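Okay, so here's the structure we're looking at.
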Amino acid sequence: MNKSLDGTIAVPELTAEKILSRVLHRDGLMLVIDKPAGLPVHRGPKGGPNLESSFDALRFGLPRPPVLAHRLDRDTSGCLVLGRHRKATASLGLLFKHGRISKTYWAVVEGGPAEEEGTIDMPLGRRNVERGWWQKVDPEGQPSVSKWKVMGRGAGLTWLTLEPVTGRTHQLRVHCSAMGWPIVGDAVYGKGPRFGEPRLHLHSREIVIPISRNKDPVRVTAPAPPHMRERLEACGWNGE
């Protein structure tokens, strides 16, 4: 298995064929693709593989490649929305900003809650300036709310659906960790190894987008990624 310079598992850029195989939904306004875990969406300051480099293969006849309407962490997999032209991207941006797009994540956590469902309401703020995006629970921070529900349990693990009501950076990861059940493979907020397996067990499973006023919302589901399947099965997942 290839390692990058910082020791994390290196995921190569997607070929045109591979990114085309990851298109889950396509219409005149947007695409939804199945982002692989381990590949950042943007090119970093030091360069390196990233998802955006493959977007030219997703023009489908339009003069320009699509652009990101939101982002997922490098280590999170699943539904990622792209706007196909400027007006569509602006509309999608407003829907995300005003919380009109509903997102459901699957996570496998260590241990797990005693209850079957609940809401986490903990404000979050930056851990410190040096750590950039890293967050912490902070009474003076921004309001942050996540809903959760148990889907299955087994082998000291719990399979959860998570719905972020607000959209803070690393929100679900920090909330789960603060509750005492960190997400499997989380090297920042949990007990995951800094290098190698297991990867972060957080997957953007479903997204619902009310893009057209006179049509039903677009609902897109991403299949469970290979690295999560073994632990999902241990928690009772039937493979669908």
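Each chain in the structure tokens gets a letter, A, B and so on, in the order shown; residues start at 1 in every chain, and ligands are counted from 1 in the order they appear.
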* To do: May I have all residues of range 17-193 of chain A that DSSP, computed from the backbone, assigns to strand (DSSP E or B), given as number ranges by chain?
  => A: 23-26, 30-35, 44, 47, 67-68, 77-83, 102-110, 117-121, 124-126, 135-137, 142, 145-154, 157-164, 183
Legend entry - Long-range neighbours of range 16-30 of chain A as a PyMOL selection string, 10 Å cut-off, only C-alpha atoms, 4 positions minimum in chain: chain A and resi 34-36+51+53-58+60+62+66-69+78-89+91-92+211-212+218-223
- Task: Run DSSP on the backbone and give me the residues of range 14-233 of chain A it puts in helix (DSSP H, G or I), as a PyMOL selection string.
- Result: chain A and resi 16-21+52-58+86-97+171-178+226-233
Can you pull out every residue within 7 Å of range 180-194 of chain A, counting only C-alpha atoms, but drop anything in the same chain fewer than 4 positions away, and send it as a ChimeraX atom specification?
/A:107-112,173-174,176,198-201
CA of Asp73 in chain A to CA of Gly38 in chain A measures 8.6 Å
Exercise for the section: For each of A:Arg153, A:Arg213, A:Arg205, A:Arg127, take the minimum atom-to-atom distance to Glu233 in chain A, counting only C-alpha atoms, then give the residue where this is smallest. Expected result: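 So, comparing all the options, the nearest one is A:Arg153.
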**OP:** Return the single residue from A:Val11, A:Ser177, A:Gly99, A:Glu230 that is closest to Gly48 in chain A, with distances computed using only C-alpha atoms.
**Re:**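 For Gly48 in chain A, the nearest of the given residues is A:Val11.
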For this session: Have a look at CA of Leu172 in chain A and CA of Glu13 in chain A and let me know their distance in Å, one decimal.
Result: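 About the pair CA of Leu172 in chain A and CA of Glu13 in chain A: they are 26.3 Å apart.
Between Ile120 in chain A and the residues A:Leu95, A:Val165, A:Met228, A:Leu202, the shortest atom-to-atom distance, using only C-alpha atoms, involves A:Val165.
Using only C-alpha atoms, the protein and nucleic acid residues lying no more than 10 Å from Pro164 in chain A, apart from those fewer than 5 places from it along its own chain, are Gly99, Ser102, Lys103, Thr104, Tyr105, Thr119, Ile120, Ser144, Val145, Ser146, Lys147, Trp148, Gln171 and Leu172 of chain A.
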Residues just named, written with all heavy atoms as a tab-separated table (two decimals), in the first residue's frame:
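Output below, filename result.tsv:
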chain	number	residue	atom	x	y	z
A	99	GLY	N	-29.22	25.89	4.97
A	99	GLY	CA	-29.62	24.62	5.57
A	99	GLY	C	-30.77	23.92	4.89
A	99	GLY	O	-31.48	23.12	5.50
A	102	SER	N	-30.51	18.50	3.01
A	102	SER	CA	-30.36	17.57	4.14
A	102	SER	C	-29.33	16.52	3.80
A	102	SER	O	-29.29	15.96	2.70
A	102	SER	CB	-31.70	16.94	4.52
A	102	SER	OG	-32.19	16.14	3.48
A	103	LYS	N	-28.46	16.24	4.79
A	103	LYS	CA	-27.35	15.31	4.62
A	103	LYS	C	-27.43	14.24	5.70
A	103	LYS	O	-27.62	14.56	6.87
A	103	LYS	CB	-26.02	16.05	4.71
A	103	LYS	CG	-25.78	17.04	3.59
A	103	LYS	CD	-24.57	17.91	3.85
A	103	LYS	CE	-24.91	19.08	4.75
A	103	LYS	NZ	-23.83	20.04	4.92
A	104	THR	N	-27.29	13.00	5.30
A	104	THR	CA	-27.25	11.89	6.24
A	104	THR	C	-25.92	11.16	6.08
A	104	THR	O	-25.56	10.77	4.96
A	104	THR	CB	-28.41	10.91	6.00
A	104	THR	OG1	-29.65	11.61	6.10
A	104	THR	CG2	-28.40	9.78	7.02
A	105	TYR	N	-25.23	11.01	7.17
A	105	TYR	CA	-23.94	10.30	7.18
A	105	TYR	C	-24.09	8.97	7.89
A	105	TYR	O	-24.92	8.82	8.79
A	105	TYR	CB	-22.88	11.12	7.93
A	105	TYR	CG	-22.41	12.36	7.21
A	105	TYR	CD1	-23.20	13.51	7.17
A	105	TYR	CD2	-21.17	12.40	6.59
A	105	TYR	CE1	-22.77	14.66	6.52
A	105	TYR	CE2	-20.73	13.55	5.93
A	105	TYR	CZ	-21.53	14.67	5.91
A	105	TYR	OH	-21.11	15.81	5.26
A	119	THR	N	-29.94	14.00	20.18
A	119	THR	CA	-29.41	15.22	19.56
A	119	THR	C	-28.21	15.70	20.37
A	119	THR	O	-28.25	15.69	21.61
A	119	THR	CB	-30.48	16.33	19.52
A	119	THR	OG1	-31.60	15.86	18.76
A	119	THR	CG2	-29.95	17.60	18.89
A	120	ILE	N	-27.15	16.07	19.69
A	120	ILE	CA	-25.97	16.65	20.34
A	120	ILE	C	-25.99	18.15	20.05
A	120	ILE	O	-26.05	18.56	18.89
A	120	ILE	CB	-24.67	16.04	19.78
A	120	ILE	CG1	-24.69	14.52	19.91
A	120	ILE	CG2	-23.45	16.63	20.50
A	120	ILE	CD1	-23.59	13.83	19.12
A	144	SER	N	-23.69	24.49	17.29
A	144	SER	CA	-23.47	23.28	16.48
A	144	SER	C	-24.39	22.18	16.98
A	144	SER	O	-24.34	21.81	18.15
A	144	SER	CB	-22.01	22.82	16.59
A	144	SER	OG	-21.14	23.88	16.22
A	145	VAL	N	-25.22	21.66	16.07
A	145	VAL	CA	-26.22	20.66	16.44
A	145	VAL	C	-26.17	19.48	15.47
A	145	VAL	O	-26.12	19.67	14.26
A	145	VAL	CB	-27.65	21.28	16.43
A	145	VAL	CG1	-28.70	20.23	16.78
A	145	VAL	CG2	-27.74	22.47	17.38
A	146	SER	N	-26.15	18.27	16.02
A	146	SER	CA	-26.16	17.04	15.21
A	146	SER	C	-27.22	16.09	15.77
A	146	SER	O	-27.32	15.92	16.99
A	146	SER	CB	-24.80	16.33	15.26
A	146	SER	OG	-23.74	17.19	14.90
A	147	LYS	N	-27.98	15.45	14.88
A	147	LYS	CA	-28.91	14.40	15.29
A	147	LYS	C	-28.28	13.04	15.00
A	147	LYS	O	-27.54	12.90	14.03
A	147	LYS	CB	-30.23	14.53	14.52
A	147	LYS	CG	-31.00	15.82	14.83
A	147	LYS	CD	-32.28	15.87	14.00
A	147	LYS	CE	-33.06	17.14	14.31
A	147	LYS	NZ	-34.29	17.23	13.48
A	148	TRP	N	-28.58	12.06	15.85
A	148	TRP	CA	-28.03	10.72	15.63
A	148	TRP	C	-29.07	9.66	15.93
A	148	TRP	O	-30.01	9.87	16.68
A	148	TRP	CB	-26.78	10.49	16.48
A	148	TRP	CG	-27.01	10.65	17.96
A	148	TRP	CD1	-26.85	11.78	18.70
A	148	TRP	CD2	-27.44	9.64	18.87
A	148	TRP	NE1	-27.16	11.55	20.01
A	148	TRP	CE2	-27.53	10.23	20.15
A	148	TRP	CE3	-27.78	8.29	18.74
A	148	TRP	CZ2	-27.92	9.53	21.28
A	148	TRP	CZ3	-28.18	7.59	19.87
A	148	TRP	CH2	-28.24	8.20	21.13
A	171	GLN	N	-17.63	18.86	12.41
A	171	GLN	CA	-18.68	18.84	13.44
A	171	GLN	C	-19.00	17.43	13.95
A	171	GLN	O	-19.02	17.18	15.15
A	171	GLN	CB	-19.95	19.48	12.88
A	171	GLN	CG	-21.14	19.42	13.83
A	171	GLN	CD	-22.35	20.13	13.26
A	171	GLN	OE1	-22.23	21.26	12.80
A	171	GLN	NE2	-23.50	19.49	13.28
A	172	LEU	N	-19.27	16.51	13.04
A	172	LEU	CA	-19.68	15.16	13.46
A	172	LEU	C	-18.55	14.45	14.19
A	172	LEU	O	-18.78	13.75	15.18
A	172	LEU	CB	-20.13	14.34	12.24
A	172	LEU	CG	-21.34	14.91	11.48
A	172	LEU	CD1	-21.63	14.06	10.24
A	172	LEU	CD2	-22.58	15.00	12.36
- prompt: How many Å separate CA of Lys149 in chain A from CA of Trp106 in chain A?
  reply: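 Computing the Euclidean distance for CA of Lys149 in chain A and CA of Trp106 in chain A yields 9.9 Å.
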Between A:Trp237, A:Phe96, A:Trp159, A:Phe195, smallest distance to Val208 in chain A by only C-alpha atoms belongs to A:Phe96
Which residue, A:Leu14, A:Leu160, A:Val32, A:Met122, has the smallest gap to Leu232 in chain A when you use only C-alpha atoms?
->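 Closest to Leu232 in chain A, using only C-alpha atoms: A:Leu160.
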